>>> print(open('run-v6.pdb').read())   # PDB, C-alpha atoms
ATOM      1  CA  MET A   1     128.860 -57.214 -52.810  1.00  0.00           C
ATOM      2  CA  ASN A   2     128.057 -59.065 -49.594  1.00  0.00           C
ATOM      3  CA  SER A   3     130.106 -61.903 -48.170  1.00  0.00           C
ATOM      4  CA  SER A   4     126.935 -64.007 -47.990  1.00  0.00           C
ATOM      5  CA  HIS A   5     124.977 -65.276 -50.991  1.00  0.00           C
ATOM      6  CA  SER A   6     121.835 -65.488 -48.804  1.00  0.00           C
ATOM      7  CA  ILE A   7     122.127 -61.846 -47.769  1.00  0.00           C
ATOM      8  CA  GLU A   8     122.716 -60.750 -51.371  1.00  0.00           C
ATOM      9  CA  LYS A   9     119.669 -62.681 -52.605  1.00  0.00           C
ATOM     10  CA  ALA A  10     117.478 -61.223 -49.832  1.00  0.00           C
ATOM     11  CA  VAL A  11     118.704 -57.701 -50.677  1.00  0.00           C
ATOM     12  CA  GLU A  12     117.832 -58.294 -54.339  1.00  0.00           C
ATOM     13  CA  TYR A  13     114.287 -59.386 -53.422  1.00  0.00           C
ATOM     14  CA  PHE A  14     113.692 -56.421 -51.113  1.00  0.00           C
ATOM     15  CA  ALA A  15     115.144 -54.019 -53.707  1.00  0.00           C
ATOM     16  CA  SER A  16     112.663 -55.359 -56.281  1.00  0.00           C
ATOM     17  CA  LEU A  17     109.766 -54.027 -54.177  1.00  0.00           C
ATOM     18  CA  PRO A  18     108.199 -50.667 -55.108  1.00  0.00           C
ATOM     19  CA  SER A  19     109.895 -47.628 -53.527  1.00  0.00           C
ATOM     20  CA  ILE A  20     112.689 -49.742 -52.019  1.00  0.00           C
ATOM     21  CA  GLY A  21     116.201 -48.887 -53.171  1.00  0.00           C
ATOM     22  CA  ARG A  22     119.260 -51.037 -52.636  1.00  0.00           C
ATOM     23  CA  LYS A  23     120.403 -49.219 -49.464  1.00  0.00           C
ATOM     24  CA  THR A  24     116.962 -49.517 -47.869  1.00  0.00           C
ATOM     25  CA  ALA A  25     116.862 -53.181 -48.887  1.00  0.00           C
ATOM     26  CA  GLN A  26     120.191 -53.760 -47.149  1.00  0.00           C
ATOM     27  CA  ARG A  27     118.927 -52.027 -43.987  1.00  0.00           C
ATOM     28  CA  LEU A  28     115.811 -54.214 -43.996  1.00  0.00           C
ATOM     29  CA  VAL A  29     117.792 -57.413 -44.418  1.00  0.00           C
ATOM     30  CA  PHE A  30     120.246 -56.537 -41.637  1.00  0.00           C
ATOM     31  CA  HIS A  31     117.323 -55.535 -39.399  1.00  0.00           C
ATOM     32  CA  ILE A  32     115.709 -58.935 -39.961  1.00  0.00           C
ATOM     33  CA  LEU A  33     119.001 -60.694 -39.230  1.00  0.00           C
ATOM     34  CA  LYS A  34     119.108 -59.009 -35.809  1.00  0.00           C
ATOM     35  CA  GLN A  35     115.670 -60.425 -34.883  1.00  0.00           C
ATOM     36  CA  PRO A  36     115.079 -63.687 -32.992  1.00  0.00           C
ATOM     37  CA  LYS A  37     114.791 -66.839 -35.091  1.00  0.00           C
ATOM     38  CA  GLU A  38     111.057 -67.063 -34.252  1.00  0.00           C
ATOM     39  CA  TYR A  39     110.466 -63.627 -35.792  1.00  0.00           C
ATOM     40  CA  ILE A  40     112.269 -64.621 -39.003  1.00  0.00           C
ATOM     41  CA  GLU A  41     110.301 -67.880 -39.214  1.00  0.00           C
ATOM     42  CA  ASP A  42     106.990 -66.073 -38.631  1.00  0.00           C
ATOM     43  CA  PHE A  43     107.922 -63.449 -41.230  1.00  0.00           C
ATOM     44  CA  SER A  44     108.750 -66.090 -43.847  1.00  0.00           C
ATOM     45  CA  ASN A  45     105.631 -68.145 -43.015  1.00  0.00           C
ATOM     46  CA  THR A  46     103.517 -65.012 -43.457  1.00  0.00           C
ATOM     47  CA  LEU A  47     104.959 -64.503 -46.948  1.00  0.00           C
ATOM     48  CA  ILE A  48     104.318 -68.157 -47.814  1.00  0.00           C
ATOM     49  CA  SER A  49     100.747 -67.793 -46.519  1.00  0.00           C
ATOM     50  CA  LEU A  50     100.227 -64.784 -48.796  1.00  0.00           C
ATOM     51  CA  GLY A  51     101.094 -66.894 -51.813  1.00  0.00           C
ATOM     52  CA  GLU A  52      99.043 -69.894 -50.712  1.00  0.00           C
ATOM     53  CA  ASN A  53      95.917 -68.273 -49.244  1.00  0.00           C
ATOM     54  CA  VAL A  54      95.313 -64.914 -50.900  1.00  0.00           C
ATOM     55  CA  ARG A  55      93.450 -64.917 -54.192  1.00  0.00           C
ATOM     56  CA  MET A  56      91.204 -62.652 -56.225  1.00  0.00           C
ATOM     57  CA  CYS A  57      87.568 -62.302 -55.268  1.00  0.00           C
ATOM     58  CA  SER A  58      85.465 -63.764 -58.083  1.00  0.00           C
ATOM     59  CA  VAL A  59      83.016 -60.850 -57.789  1.00  0.00           C
ATOM     60  CA  CYS A  60      84.991 -57.621 -57.275  1.00  0.00           C
ATOM     61  CA  PHE A  61      88.539 -58.856 -58.096  1.00  0.00           C
ATOM     62  CA  SER A  62      90.097 -57.510 -54.906  1.00  0.00           C
ATOM     63  CA  PHE A  63      92.494 -59.703 -52.939  1.00  0.00           C
ATOM     64  CA  THR A  64      90.942 -61.923 -50.272  1.00  0.00           C
ATOM     65  CA  ASP A  65      91.417 -65.009 -48.118  1.00  0.00           C
ATOM     66  CA  VAL A  66      87.806 -66.144 -48.773  1.00  0.00           C
ATOM     67  CA  ASP A  67      85.850 -66.056 -52.032  1.00  0.00           C
ATOM     68  CA  PRO A  68      83.693 -64.038 -52.388  1.00  0.00           C
ATOM     69  CA  CYS A  69      85.331 -61.451 -50.173  1.00  0.00           C
ATOM     70  CA  PRO A  70      83.728 -60.076 -46.969  1.00  0.00           C
ATOM     71  CA  ILE A  71      82.780 -56.782 -48.663  1.00  0.00           C
ATOM     72  CA  CYS A  72      80.959 -58.553 -51.505  1.00  0.00           C
ATOM     73  CA  THR A  73      79.064 -60.836 -49.107  1.00  0.00           C
ATOM     74  CA  SER A  74      78.192 -58.134 -46.558  1.00  0.00           C
ATOM     75  CA  THR A  75      74.466 -57.492 -46.204  1.00  0.00           C
ATOM     76  CA  ARG A  76      75.195 -54.102 -44.623  1.00  0.00           C
ATOM     77  CA  ARG A  77      76.696 -52.672 -47.803  1.00  0.00           C
ATOM     78  CA  ASP A  78      74.603 -51.045 -50.520  1.00  0.00           C
ATOM     79  CA  PRO A  79      74.620 -53.326 -53.605  1.00  0.00           C
ATOM     80  CA  LYS A  80      73.161 -50.518 -55.762  1.00  0.00           C
ATOM     81  CA  ILE A  81      76.444 -48.551 -55.739  1.00  0.00           C
ATOM     82  CA  ILE A  82      79.710 -49.852 -57.189  1.00  0.00           C
ATOM     83  CA  CYS A  83      82.952 -47.935 -56.764  1.00  0.00           C
ATOM     84  CA  VAL A  84      85.441 -48.746 -59.540  1.00  0.00           C
ATOM     85  CA  VAL A  85      89.126 -48.577 -58.588  1.00  0.00           C
ATOM     86  CA  GLU A  86      92.410 -49.269 -60.370  1.00  0.00           C
ATOM     87  CA  GLU A  87      94.047 -51.540 -57.767  1.00  0.00           C
ATOM     88  CA  PRO A  88      93.008 -53.300 -54.509  1.00  0.00           C
ATOM     89  CA  LYS A  89      95.169 -50.937 -52.420  1.00  0.00           C
ATOM     90  CA  VAL A  90      92.766 -48.093 -53.286  1.00  0.00           C
ATOM     91  CA  ILE A  91      89.982 -49.976 -51.468  1.00  0.00           C
ATOM     92  CA  VAL A  92      92.074 -49.863 -48.291  1.00  0.00           C
ATOM     93  CA  ALA A  93      92.392 -46.060 -48.605  1.00  0.00           C
ATOM     94  CA  LEU A  94      88.671 -45.574 -49.291  1.00  0.00           C
ATOM     95  CA  GLU A  95      87.666 -47.861 -46.421  1.00  0.00           C
ATOM     96  CA  ARG A  96      89.753 -45.774 -43.998  1.00  0.00           C
ATOM     97  CA  THR A  97      87.426 -42.816 -44.672  1.00  0.00           C
ATOM     98  CA  ASN A  98      84.346 -44.692 -43.366  1.00  0.00           C
ATOM     99  CA  GLU A  99      82.354 -42.715 -45.958  1.00  0.00           C
ATOM    100  CA  PHE A 100      81.610 -45.324 -48.626  1.00  0.00           C
ATOM    101  CA  ASN A 101      79.191 -48.145 -47.902  1.00  0.00           C
ATOM    102  CA  GLY A 102      78.683 -49.695 -51.328  1.00  0.00           C
ATOM    103  CA  LYS A 103      80.519 -52.433 -53.197  1.00  0.00           C
ATOM    104  CA  TYR A 104      83.772 -52.257 -55.161  1.00  0.00           C
ATOM    105  CA  HIS A 105      85.139 -53.381 -58.510  1.00  0.00           C
ATOM    106  CA  VAL A 106      88.876 -53.571 -59.236  1.00  0.00           C
ATOM    107  CA  LEU A 107      90.043 -53.075 -62.835  1.00  0.00           C
ATOM    108  CA  HIS A 108      93.674 -54.132 -62.175  1.00  0.00           C
ATOM    109  CA  GLY A 109      95.081 -51.353 -64.304  1.00  0.00           C
ATOM    110  CA  LEU A 110      94.112 -48.481 -66.573  1.00  0.00           C
ATOM    111  CA  LEU A 111      93.777 -48.161 -70.317  1.00  0.00           C
ATOM    112  CA  ASN A 112      97.113 -47.238 -71.837  1.00  0.00           C
ATOM    113  CA  PRO A 113      97.275 -47.573 -75.614  1.00  0.00           C
ATOM    114  CA  LEU A 114     100.984 -46.627 -75.664  1.00  0.00           C
ATOM    115  CA  ASP A 115     101.800 -49.652 -73.491  1.00  0.00           C
ATOM    116  CA  GLY A 116      99.340 -51.888 -75.344  1.00  0.00           C
ATOM    117  CA  ILE A 117      96.830 -52.080 -72.469  1.00  0.00           C
ATOM    118  CA  GLY A 118      93.331 -52.186 -73.937  1.00  0.00           C
ATOM    119  CA  PRO A 119      89.838 -52.886 -72.548  1.00  0.00           C
ATOM    120  CA  ASP A 120      90.311 -56.663 -72.771  1.00  0.00           C
ATOM    121  CA  ASP A 121      93.314 -56.420 -70.427  1.00  0.00           C
ATOM    122  CA  LEU A 122      91.168 -54.934 -67.632  1.00  0.00           C
ATOM    123  CA  ARG A 123      88.127 -56.214 -65.719  1.00  0.00           C
ATOM    124  CA  ILE A 124      85.694 -53.951 -67.624  1.00  0.00           C
ATOM    125  CA  ARG A 125      83.619 -56.788 -69.098  1.00  0.00           C
ATOM    126  CA  GLU A 126      83.132 -58.214 -65.600  1.00  0.00           C
ATOM    127  CA  LEU A 127      81.995 -54.775 -64.395  1.00  0.00           C
ATOM    128  CA  VAL A 128      79.334 -54.652 -67.113  1.00  0.00           C
ATOM    129  CA  SER A 129      78.061 -58.081 -66.027  1.00  0.00           C
ATOM    130  CA  ARG A 130      77.508 -56.726 -62.475  1.00  0.00           C
ATOM    131  CA  LEU A 131      75.233 -53.831 -63.451  1.00  0.00           C
ATOM    132  CA  SER A 132      71.871 -55.553 -62.893  1.00  0.00           C
ATOM    133  CA  GLY A 133      70.159 -53.698 -60.028  1.00  0.00           C
ATOM    134  CA  VAL A 134      72.952 -51.105 -59.788  1.00  0.00           C
ATOM    135  CA  ASP A 135      71.916 -47.420 -59.659  1.00  0.00           C
ATOM    136  CA  GLU A 136      75.348 -45.753 -59.624  1.00  0.00           C
ATOM    137  CA  VAL A 137      78.895 -46.525 -60.695  1.00  0.00           C
ATOM    138  CA  ILE A 138      81.522 -44.274 -59.094  1.00  0.00           C
ATOM    139  CA  LEU A 139      84.765 -44.029 -61.052  1.00  0.00           C
ATOM    140  CA  ALA A 140      87.447 -43.579 -58.385  1.00  0.00           C
ATOM    141  CA  LEU A 141      90.452 -43.597 -60.700  1.00  0.00           C
ATOM    142  CA  ASN A 142      93.614 -41.524 -60.512  1.00  0.00           C
ATOM    143  CA  PRO A 143      93.392 -38.167 -62.303  1.00  0.00           C
ATOM    144  CA  SER A 144      96.170 -39.138 -64.735  1.00  0.00           C
ATOM    145  CA  VAL A 145      95.991 -39.295 -68.516  1.00  0.00           C
ATOM    146  CA  GLU A 146      95.391 -43.051 -68.308  1.00  0.00           C
ATOM    147  CA  GLY A 147      92.768 -42.578 -65.581  1.00  0.00           C
ATOM    148  CA  GLU A 148      90.932 -39.980 -67.667  1.00  0.00           C
ATOM    149  CA  ILE A 149      90.985 -42.227 -70.764  1.00  0.00           C
ATOM    150  CA  THR A 150      89.628 -45.140 -68.719  1.00  0.00           C
ATOM    151  CA  MET A 151      86.876 -43.018 -67.142  1.00  0.00           C
ATOM    152  CA  GLN A 152      85.818 -41.669 -70.532  1.00  0.00           C
ATOM    153  CA  TYR A 153      85.792 -45.166 -72.028  1.00  0.00           C
ATOM    154  CA  ILE A 154      83.614 -46.588 -69.231  1.00  0.00           C
ATOM    155  CA  ALA A 155      81.278 -43.560 -69.233  1.00  0.00           C
ATOM    156  CA  LYS A 156      80.819 -43.930 -73.014  1.00  0.00           C
ATOM    157  CA  MET A 157      80.066 -47.657 -72.623  1.00  0.00           C
ATOM    158  CA  PHE A 158      77.403 -46.930 -70.010  1.00  0.00           C
ATOM    159  CA  GLU A 159      75.783 -43.866 -71.609  1.00  0.00           C
ATOM    160  CA  ASN A 160      72.758 -45.850 -72.907  1.00  0.00           C
ATOM    161  CA  LEU A 161      72.373 -47.952 -69.770  1.00  0.00           C
ATOM    162  CA  PRO A 162      70.061 -47.068 -66.858  1.00  0.00           C
ATOM    163  CA  VAL A 163      72.937 -46.444 -64.466  1.00  0.00           C
ATOM    164  CA  LYS A 164      74.339 -43.132 -63.263  1.00  0.00           C
ATOM    165  CA  VAL A 165      78.104 -42.814 -63.796  1.00  0.00           C
ATOM    166  CA  THR A 166      79.929 -40.408 -61.472  1.00  0.00           C
ATOM    167  CA  ARG A 167      83.547 -39.627 -60.674  1.00  0.00           C
ATOM    168  CA  LEU A 168      85.294 -38.428 -57.559  1.00  0.00           C
ATOM    169  CA  ALA A 169      85.459 -34.663 -57.194  1.00  0.00           C
ATOM    170  CA  SER A 170      88.926 -33.259 -57.505  1.00  0.00           C
ATOM    171  CA  GLY A 171      90.536 -29.899 -57.030  1.00  0.00           C
ATOM    172  CA  VAL A 172      92.601 -27.985 -54.500  1.00  0.00           C
ATOM    173  CA  PRO A 173      93.605 -30.141 -51.512  1.00  0.00           C
ATOM    174  CA  ILE A 174      92.920 -28.890 -47.985  1.00  0.00           C
ATOM    175  CA  GLY A 175      95.888 -27.025 -46.538  1.00  0.00           C
ATOM    176  CA  SER A 176      97.420 -26.088 -49.885  1.00  0.00           C
ATOM    177  CA  SER A 177      97.876 -22.645 -51.395  1.00  0.00           C
ATOM    178  CA  LEU A 178      96.054 -21.604 -54.581  1.00  0.00           C
ATOM    179  CA  GLU A 179      99.091 -19.763 -55.905  1.00  0.00           C
ATOM    180  CA  PHE A 180     101.086 -23.015 -56.023  1.00  0.00           C
ATOM    181  CA  SER A 181      98.343 -25.117 -57.658  1.00  0.00           C
ATOM    182  CA  ASP A 182      98.755 -26.094 -61.292  1.00  0.00           C
ATOM    183  CA  GLU A 183      96.274 -24.990 -63.958  1.00  0.00           C
ATOM    184  CA  ALA A 184      94.627 -28.398 -64.360  1.00  0.00           C
ATOM    185  CA  THR A 185      93.961 -28.634 -60.619  1.00  0.00           C
ATOM    186  CA  LEU A 186      92.501 -25.116 -60.520  1.00  0.00           C
ATOM    187  CA  CYS A 187      90.305 -25.834 -63.561  1.00  0.00           C
ATOM    188  CA  ARG A 188      88.968 -29.016 -61.928  1.00  0.00           C
ATOM    189  CA  ALA A 189      88.363 -27.128 -58.666  1.00  0.00           C
ATOM    190  CA  LEU A 190      86.331 -24.503 -60.529  1.00  0.00           C
ATOM    191  CA  GLU A 191      84.342 -27.159 -62.407  1.00  0.00           C
ATOM    192  CA  ASN A 192      83.516 -29.029 -59.192  1.00  0.00           C
ATOM    193  CA  ARG A 193      82.652 -26.013 -57.051  1.00  0.00           C
ATOM    194  CA  VAL A 194      79.820 -26.436 -54.556  1.00  0.00           C
ATOM    195  CA  LYS A 195      77.344 -24.090 -52.905  1.00  0.00           C
ATOM    196  CA  VAL A 196      78.463 -22.711 -49.522  1.00  0.00           C
TER     197      VAL A 196
END
>>> encode(input="run-v6.pdb", output="structure tokens")
Amino acid sequence: MNSSHSIEKAVEYFASLPSIGRKTAQRLVFHILKQPKEYIEDFSNTLISLGENVRMCSVCFSFTDVDPCPICTSTRRDPKIICVVEEPKVIVALERTNEFNGKYHVLHGLLNPLDGIGPDDLRIRELVSRLSGVDEVILALNPSVEGEITMQYIAKMFENLPVKVTRLASGVPIGSSLEFSDEATLCRALENRVKV
């Protein structure tokens, strides 16, 4: 227990963040306390600004300061391809590759019947409403049980629609050893093999 209620409360907030344990939270709080007052004020104002200014894009459901977001309004992006992702943070990872030039759609979760998360809890209906003029929907979801269920559900929904549904290739990562790969990864690598 800290001698300061303010420190304890700050530690609790930092520890509530993903991947941050109590010791790391304490280190972060004490690091902030060593900074100039201007830094602490700017840090807190930035957090307040997040809450006041960031909202969901009404088109793709990513987080944005302006609605619709810059990706949805860009004329340089291909509107005929929509990449479906679980969370907005996946868009950041895909954008770093500089390989995808279409639009995005964020589901904000995956189907998980055990946790009571069904199709109405995700942004699937909104995805269907965006399909006019779309040639391809890329399902860029995690290769987990929930991701597979969600991909199968969406693919089944779209099977009678004039849109191609694809998924990201998966298999053995570059730099890894085949002998240490699990069976599911090796099976997917064999399924998705390409001509050399």
>>> residues_around(input="run-v6.pdb", residues="stretch 143-160 of chain A", least_positions_apart="3", cutoff="8 Å", atoms="only C-alpha atoms", output="list in words")
Leu110, Leu111, Asn112, Ile124, Leu139, Val163 and Val165 of chain A
>>> residues_around(input="run-v6.pdb", residues="A:His108", least_positions_apart="2", cutoff="7 Å", atoms="all atoms listed in the file", output="PDB file with C-alpha atoms, in the coordinates of the input")
ATOM      1  CA  GLU A  86      92.410 -49.269 -60.370  1.00  0.00           C
ATOM      2  CA  GLU A  87      94.047 -51.540 -57.767  1.00  0.00           C
ATOM      3  CA  VAL A 106      88.876 -53.571 -59.236  1.00  0.00           C
ATOM      4  CA  LEU A 122      91.168 -54.934 -67.632  1.00  0.00           C
ATOM      5  CA  ARG A 123      88.127 -56.214 -65.719  1.00  0.00           C
TER       6      ARG A 123
END
>>> resolve_selection(input="run-v6.pdb", expression="the PyMOL selection byres ((chain A and resi 138) around 7)", output="list in words")
Ile82, Cys83, Val84, Glu136, Val137, Leu139, Ala140, Val165, Thr166 and Arg167 of chain A
>>> atom_distance(input="run-v6.pdb", atom1="atom CA of A:Arg22", atom2="atom CA of A:Ser49")
25.7 Å
>>> residues_around(input="run-v6.pdb", residues="A:Val29", least_positions_apart="2", cutoff="9 Å", atoms="all atoms listed in the file", output="MDAnalysis selection string")
chainID A and resid 7 10:11 14 24:27 31:34
>>> residues_around(input="run-v6.pdb", residues="A:Leu190", least_positions_apart="4", cutoff="9 Å", atoms="all atoms listed in the file", output="list in words")
Gly171, Thr185 and Leu186 of chain A
>>> atom_distance(input="run-v6.pdb", atom1="atom CA of A:Thr64", atom2="atom CA of A:Asn101")
18.3 Å
>>> atom_distance(input="run-v6.pdb", atom1="atom CA of A:Ala15", atom2="atom CA of A:Phe30")
13.3 Å
>>> residues_near_point(input="run-v6.pdb", point="(85.3, -29.4, -57.5)", cutoff="6 Å", atoms="all atoms listed in the file", output="NGL selection string")
:A and (169-171 or 188-193)
>>> closest_residue(input="run-v6.pdb", among="A:Cys60, A:Ile48, A:Leu17, A:Ile117", to="A:Ile91", atoms="all atoms listed in the file")
A:Cys60
>>> residues_around(input="run-v6.pdb", residues="stretch 96-100 of chain A", least_positions_apart="2", cutoff="12 Å", atoms="all atoms listed in the file", output="ChimeraX atom specification")
/A:71,76-79,81-83,89-94,102-104,138,140,168
>>> closest_residue(input="run-v6.pdb", among="A:Ser176, A:Ser58, A:Asn45, A:Ser181", to="A:Pro70", atoms="all atoms listed in the file")
A:Ser58
>>> closest_residue(input="run-v6.pdb", among="A:Glu12, A:Asp65, A:Glu41, A:Glu52", to="A:Leu28", atoms="all atoms listed in the file")
A:Glu12
>>> axis_aligned_box(input="run-v6.pdb", around="stretch 147-162 of chain A", padding_each_side="6 Å", output="lines of an AutoDock Vina configuration file")
center_x = 81.4
center_y = -44.0
center_z = -69.3
size_x = 34.7
size_y = 20.0
size_z = 19.4
